[in-house]
Every structure is written in C-alpha cells, then in structure tokens.
$ cat coords33.cif   # mmCIF, C-alpha atoms
data_my_file
loop_
_atom_site.label_atom_id
_atom_site.label_comp_id
_atom_site.auth_asym_id
_atom_site.auth_seq_id
_atom_site.Cartn_x
_atom_site.Cartn_y
_atom_site.Cartn_z
CA MET J 1 16.76 55.28 83.03
CA GLN J 2 14.30 53.93 80.47
CA GLN J 3 11.51 56.03 82.00
CA SER J 4 13.69 59.14 81.81
CA PHE J 5 14.60 58.41 78.22
CA GLU J 6 10.95 58.04 77.22
CA ALA J 7 9.78 61.11 79.16
CA VAL J 8 12.40 63.73 78.28
CA ALA J 9 12.14 66.02 75.26
CA TYR J 10 14.97 66.40 72.75
CA ARG J 11 15.50 69.65 70.84
CA GLU J 12 18.15 70.89 68.48
CA HIS J 13 19.49 74.24 69.66
CA LYS J 14 22.66 76.31 69.38
CA LEU J 15 24.65 75.70 72.57
CA SER J 16 27.68 77.51 73.90
CA GLY J 17 30.79 75.31 74.10
CA THR J 18 29.07 71.94 74.25
CA ALA J 19 27.26 69.54 71.96
CA PHE J 20 24.71 68.26 74.54
CA GLY J 21 23.06 69.66 77.63
CA TYR J 22 20.08 69.07 79.89
CA LEU J 23 17.92 72.04 80.91
CA GLU J 24 15.88 71.07 83.93
CA LYS J 25 13.40 73.97 83.83
CA ARG J 26 12.29 72.75 80.38
CA ASP J 27 12.95 69.04 81.04
CA THR J 28 14.75 68.90 77.71
CA ILE J 29 18.01 67.56 76.39
CA TYR J 30 19.40 69.98 73.86
CA TYR J 31 21.92 69.08 71.19
CA ASP J 32 23.92 71.23 68.81
CA VAL J 33 24.83 69.60 65.49
CA SER J 34 26.91 72.69 64.62
CA ASP J 35 29.28 72.02 67.55
CA ALA J 36 32.65 70.85 66.22
CA GLY J 37 32.61 67.75 68.41
CA PHE J 38 29.02 66.69 67.86
CA TRP J 39 29.69 64.05 65.19
CA ARG J 40 32.59 62.52 67.16
CA ILE J 41 30.54 62.01 70.32
CA ASN J 42 29.15 58.61 71.15
CA PHE J 43 25.40 59.27 71.52
CA ALA J 44 24.88 56.54 74.14
CA VAL J 45 27.62 58.05 76.30
CA ALA J 46 26.37 61.65 75.98
CA ASN J 47 22.72 60.70 76.37
CA THR J 48 23.36 58.58 79.47
CA HIS J 49 25.17 61.51 81.08
CA GLU J 50 22.34 63.93 80.26
CA LEU J 51 19.67 61.47 81.43
CA ALA J 52 21.60 61.14 84.69
CA HIS J 53 21.27 64.92 85.10
CA ARG J 54 17.52 64.53 84.63
CA ILE J 55 17.31 61.73 87.20
CA ASP J 56 19.31 63.84 89.65
CA SER J 57 17.14 66.88 89.02
CA MET J 58 13.85 65.03 89.35
CA PHE J 59 14.57 62.50 92.09
CA VAL J 60 17.92 62.82 93.86
CA HIS J 61 19.01 66.47 94.28
CA SER J 62 22.66 65.56 94.81
CA TRP J 63 23.61 69.21 95.35
CA GLU J 64 21.49 69.27 98.52
CA ASN J 65 23.21 66.30 100.16
CA ALA J 66 25.76 67.55 102.69
CA GLU J 67 27.53 64.19 103.00
CA PHE J 68 28.01 63.90 99.24
CA SER J 69 29.34 67.49 99.12
CA LYS J 70 31.74 66.80 101.98
CA ALA J 71 33.03 63.61 100.34
CA ILE J 72 33.73 65.58 97.16
CA GLN J 73 35.58 68.25 99.14
CA ASP J 74 37.63 65.56 100.91
CA ALA J 75 38.50 63.99 97.54
CA LYS J 76 40.30 67.17 96.52
CA ARG J 77 42.88 66.55 99.24
CA ILE J 78 43.44 63.02 97.89
CA ILE J 79 44.12 64.25 94.34
CA ARG J 80 46.60 66.79 95.68
CA THR J 81 48.72 63.98 97.19
CA ASP J 82 49.74 62.77 93.70
CA PRO J 83 47.91 64.54 90.86
CA GLU J 84 50.05 62.89 88.16
CA LYS J 85 48.85 59.42 89.23
CA PHE J 86 45.24 60.45 88.67
CA ILE J 87 45.94 62.34 85.44
CA ASP J 88 47.93 59.41 84.03
CA PHE J 89 45.19 56.91 84.87
CA CYS J 90 42.60 59.08 83.14
CA GLU J 91 44.79 59.57 80.08
CA LEU J 92 45.29 55.82 79.74
CA HIS J 93 41.87 54.49 80.70
CA ASP J 94 39.14 57.12 80.36
CA LYS J 95 38.09 57.22 76.71
CA GLU J 96 34.52 58.37 77.52
CA GLY J 97 35.61 61.18 79.85
CA PHE J 98 33.42 60.28 82.83
CA LEU J 99 36.31 59.79 85.26
CA SER J 100 38.28 62.79 83.96
CA ASP J 101 35.22 64.98 84.42
CA ILE J 102 34.85 63.73 88.00
CA MET J 103 38.52 64.46 88.74
CA ASP J 104 38.27 67.90 87.10
CA ALA J 105 35.23 68.74 89.22
CA VAL J 106 36.87 67.55 92.43
CA CYS J 107 40.01 69.64 91.89
CA GLU J 108 38.12 72.55 90.24
CA SER J 109 40.40 72.40 87.16
CA GLU J 110 43.52 72.84 89.31
CA TYR J 111 45.15 70.05 87.25
CA LYS J 112 44.84 69.28 83.54
CA PHE J 113 42.67 66.21 83.17
CA PRO J 114 41.75 65.09 79.63
CA ALA J 115 38.11 66.16 80.10
CA ARG J 116 38.01 69.58 81.72
CA HIS J 117 35.78 72.60 82.02
CA GLY J 118 37.97 75.32 83.51
CA LYS J 119 38.05 76.93 86.95
CA GLU J 120 35.24 79.42 86.22
CA TYR J 121 32.83 76.56 85.44
CA TRP J 122 33.40 75.09 88.91
CA THR J 123 33.80 78.25 91.00
CA GLY J 124 32.04 81.05 89.10
CA PRO J 125 28.89 82.90 90.16
CA GLU J 126 26.49 80.34 88.62
CA SER J 127 28.39 77.28 89.87
CA SER J 128 26.56 76.45 93.10
CA GLY J 129 25.89 72.71 93.18
CA ARG J 130 27.55 72.15 89.80
CA LYS J 131 30.27 69.83 91.15
CA GLU J 132 27.72 67.59 92.81
CA LYS J 133 25.52 67.52 89.70
CA GLU J 134 28.37 66.71 87.32
CA ILE J 135 29.94 64.13 89.60
CA PHE J 136 26.56 62.47 90.15
CA ALA J 137 25.92 62.31 86.37
CA ASN J 138 29.37 60.85 85.71
CA LEU J 139 29.20 58.29 88.52
CA PHE J 140 25.71 57.31 87.36
CA SER J 141 27.09 56.89 83.84
CA LEU J 142 29.99 54.70 85.01
CA GLU J 143 27.49 52.53 86.88
CA SER J 144 25.13 52.41 83.89
CA PHE J 145 27.91 51.16 81.62
CA ASN J 146 29.13 48.82 84.37
CA ASP J 147 32.65 50.23 84.00
CA ARG J 148 34.27 48.02 86.62
CA GLU J 149 37.82 49.28 86.01
CA LYS J 150 37.00 52.91 86.80
CA ILE J 151 34.57 52.05 89.58
CA GLU J 152 37.30 49.96 91.26
CA PHE J 153 39.74 52.85 90.81
CA LEU J 154 37.25 55.17 92.51
CA LYS J 155 36.57 52.64 95.26
CA THR J 156 40.31 52.36 95.95
CA HIS J 157 41.07 56.09 96.00
CA PHE J 158 37.74 57.81 96.64
CA GLY J 159 35.71 55.25 98.55
CA GLU J 160 33.86 57.82 100.65
CA MET J 161 32.68 59.75 97.59
CA LEU J 162 31.55 56.54 95.88
CA ASP J 163 29.77 55.37 99.05
CA GLU J 164 27.89 58.66 99.34
CA PHE J 165 26.89 58.41 95.68
CA ILE J 166 25.54 54.92 96.31
CA ASN J 167 23.65 56.18 99.36
CA ILE J 168 21.79 58.84 97.35
CA SER J 169 21.28 56.86 94.14
CA PRO J 170 17.79 55.68 93.20
#
$ encode --input "coords33.cif" --output "structure tokens"
Amino acid sequence: MQQSFEAVAYREHKLSGTAFGYLEKRDTIYYDVSDAGFWRINFAVANTHELAHRIDSMFVHSWENAEFSKAIQDAKRIIRTDPEKFIDFCELHDKEGFLSDIMDAVCESEYKFPARHGKEYWTGPESSGRKEKEIFANLFSLESFNDREKIEFLKTHFGEMLDEFINISP
C-alpha cells in the first residue's frame, strides 16, 4: 500500500457523482472538492479504497478471477434469504461504508443499503467487472483498517467470498 501511495498521481478534477475516483489508464486518483460530500469524507478511508483499486488494477485483476466472481454471485442468494438482517447490520455498524458497498454490489442495488450506487452502476453497459473491482477494494480496505467486526461478519455469512478474496490478495 505504501508503494502505491507513493507512486500514484493525485489530481483535482470535476467528477460526476463522486468525490474520489481512480482512473487506471492514467494511474491517477482524482478528487473533486466541489462535490457536496468531499469535506465530510475521511481522507484515509477514501484514499485506502482508491489505492486498493490501483493495487487490483496493477497486480491482482480481480475481475478476471472466475472463483471470485462465482463467490460473489453465490453471495447474492445468501442476502436474499434475509435482506433486512444484512441491511440492519450495515446501518448499525458500517460508518465507513465498505461493507454496505460490498452488499450493494452483491445484490446489484436490489435492496437499500446505506452506501449504494444504483442498479445501472452494477448492470449497465460499462459495468463488466465492476462488482469484482468494488468488492475487492472494499475488502482490501476492511483488511487494511483491521476491521475485525465486519471481517467476522463476512466470514460468518460470506465465507466463500472472503476466502476467494484472500486467495487473490497480494
């Protein structure tokens, strides 16, 4: 992570609907100070997530791993068994949004998690590999912050997805 932090470029730029984003073709993390949420965002949280995208892009390629993709698909069935349990846990315990974003990706915005992107983000024409990339970045972030509570929650309910993440992680 330190190497990625030191090697990536940072540029201010007007973004659409987000305050931070990583663009792999330019190896740059962009930020938008005009975004309404920019000044409320914890920089360490946002930067860790964006650096995880860089690590994935450069070294892991999570979107190409069939086992990781299958585990994500299987997780959707688990959420459907009791969506309120997962939504409630996120509402009570997920201040940073990492877990909510994982759950939103898994269910493709079928349920209303606190952090959500909308169905088009997950299933639209430019969405290929997006679930894997976002879930990788969020799992990497949970690991980076050593968030034992959410990691244990994932291990209990989504052990296969967490195992596949561990298998592909650097």
$ atom_distance --input "coords33.cif" --atom1 "CA of Arg130 (chain J)" --atom2 "CA of Arg54 (chain J)"
13.6 Å
$ resolve_selection --input "coords33.cif" --expression "the PyMOL selection byres ((chain J and resi 61) around 12)" --output "ChimeraX atom specification"
/J:24,52-60,62-66,68-69,129-130,132-134,136-137,165,168-170
$ atom_distance --input "coords33.cif" --atom1 "CA of Gln2 (chain J)" --atom2 "CA of Thr48 (chain J)"
10.2 Å
$ resolve_selection --input "coords33.cif" --expression "the PyMOL selection byres ((chain J and resi 25-38) around 10)" --output "ChimeraX atom specification"
/J:4-5,7-24,39-43,46-47,50-51,53-54,57-58
$ resolve_selection --input "coords33.cif" --expression "the PyMOL selection byres ((chain J and resi 75-81) around 8)" --output "PyMOL selection string"
chain J and resi 71-74+82-83+86+103+106-107+157-158+161
$ atom_distance --input "coords33.cif" --atom1 "CA of Phe113 (chain J)" --atom2 "CA of Ser144 (chain J)"
22.3 Å
$ residues_around --input "coords33.cif" --residues "Leu99 (chain J)" --least-positions-apart "3" --cutoff "12 Å" --atoms "all atoms listed in the file" --output "PyMOL selection string"
chain J and resi 86-96+102-106+113-116+134-143+147+149-154+158
$ closest_residue --input "coords33.cif" --among "J:Lys131, J:His49, J:Lys70, J:Arg148" --to "Lys119 (chain J)" --atoms "all atoms listed in the file"
J:Lys131
$ closest_residue --input "coords33.cif" --among "J:Met1, J:Lys155, J:Pro125, J:Glu84" --to "Tyr111 (chain J)" --atoms "only C-alpha atoms"
J:Glu84
$ build_atoms --input "coords33.cif" --residues "region 55-88 of chain J" --atoms "N, CA and C atoms" --output "compact mmCIF listing (two decimals), in the coordinates of the input"
# COMPACT_ATOMS: atom_id res chain seq x y z
N ILE J 55 17.64 62.56 86.04
CA ILE J 55 17.31 61.73 87.20
C ILE J 55 17.70 62.45 88.49
N ASP J 56 18.86 63.06 88.49
CA ASP J 56 19.31 63.84 89.65
C ASP J 56 18.35 64.99 89.92
N SER J 57 18.02 65.72 88.89
CA SER J 57 17.14 66.88 89.02
C SER J 57 15.75 66.51 89.52
N MET J 58 15.23 65.43 89.02
CA MET J 58 13.85 65.03 89.35
C MET J 58 13.73 64.28 90.67
N PHE J 59 14.73 63.44 90.98
CA PHE J 59 14.57 62.50 92.09
C PHE J 59 15.61 62.58 93.20
N VAL J 60 16.83 62.97 92.89
CA VAL J 60 17.92 62.82 93.86
C VAL J 60 18.31 64.12 94.54
N HIS J 61 18.54 65.17 93.78
CA HIS J 61 19.01 66.47 94.28
C HIS J 61 20.36 66.33 94.98
N SER J 62 21.32 65.81 94.26
CA SER J 62 22.66 65.56 94.81
C SER J 62 23.29 66.80 95.44
N TRP J 63 23.01 67.95 94.88
CA TRP J 63 23.61 69.21 95.35
C TRP J 63 23.10 69.61 96.73
N GLU J 64 22.03 68.97 97.20
CA GLU J 64 21.49 69.27 98.52
C GLU J 64 21.99 68.31 99.59
N ASN J 65 22.77 67.32 99.21
CA ASN J 65 23.21 66.30 100.16
C ASN J 65 24.56 66.70 100.75
N ALA J 66 24.56 67.05 102.02
CA ALA J 66 25.76 67.55 102.69
C ALA J 66 26.87 66.50 102.74
N GLU J 67 26.52 65.24 102.93
CA GLU J 67 27.53 64.19 103.00
C GLU J 67 28.22 63.99 101.65
N PHE J 68 27.44 64.03 100.58
CA PHE J 68 28.01 63.90 99.24
C PHE J 68 28.95 65.09 98.97
N SER J 69 28.51 66.29 99.31
CA SER J 69 29.34 67.49 99.12
C SER J 69 30.64 67.41 99.92
N LYS J 70 30.55 66.93 101.14
CA LYS J 70 31.74 66.80 101.98
C LYS J 70 32.70 65.76 101.40
N ALA J 71 32.18 64.65 100.93
CA ALA J 71 33.03 63.61 100.34
C ALA J 71 33.76 64.15 99.10
N ILE J 72 33.09 64.96 98.33
CA ILE J 72 33.73 65.58 97.16
C ILE J 72 34.83 66.52 97.61
N GLN J 73 34.57 67.32 98.61
CA GLN J 73 35.58 68.25 99.14
C GLN J 73 36.78 67.47 99.67
N ASP J 74 36.53 66.38 100.38
CA ASP J 74 37.63 65.56 100.91
C ASP J 74 38.45 64.92 99.79
N ALA J 75 37.81 64.61 98.67
CA ALA J 75 38.50 63.99 97.54
C ALA J 75 39.55 64.92 96.95
N LYS J 76 39.33 66.19 97.04
CA LYS J 76 40.30 67.17 96.52
C LYS J 76 41.66 67.00 97.19
N ARG J 77 41.64 66.77 98.48
CA ARG J 77 42.88 66.55 99.24
C ARG J 77 43.60 65.29 98.73
N ILE J 78 42.84 64.28 98.37
CA ILE J 78 43.44 63.02 97.89
C ILE J 78 44.13 63.25 96.55
N ILE J 79 43.50 63.97 95.64
CA ILE J 79 44.12 64.25 94.34
C ILE J 79 45.41 65.03 94.53
N ARG J 80 45.41 65.96 95.45
CA ARG J 80 46.60 66.79 95.68
C ARG J 80 47.81 65.99 96.15
N THR J 81 47.59 64.80 96.72
CA THR J 81 48.72 63.98 97.19
C THR J 81 49.59 63.50 96.04
N ASP J 82 48.98 63.25 94.86
CA ASP J 82 49.74 62.77 93.70
C ASP J 82 48.92 62.99 92.43
N PRO J 83 48.77 64.25 92.02
CA PRO J 83 47.91 64.54 90.86
C PRO J 83 48.29 63.79 89.59
N GLU J 84 49.59 63.57 89.39
CA GLU J 84 50.05 62.89 88.16
C GLU J 84 49.50 61.46 88.09
N LYS J 85 49.39 60.79 89.22
CA LYS J 85 48.85 59.42 89.23
C LYS J 85 47.42 59.42 88.69
N PHE J 86 46.64 60.39 89.09
CA PHE J 86 45.24 60.45 88.67
C PHE J 86 45.11 60.91 87.21
N ILE J 87 45.94 61.87 86.84
CA ILE J 87 45.94 62.34 85.44
C ILE J 87 46.36 61.21 84.51
N ASP J 88 47.44 60.51 84.87
CA ASP J 88 47.93 59.41 84.03
C ASP J 88 46.88 58.31 83.88
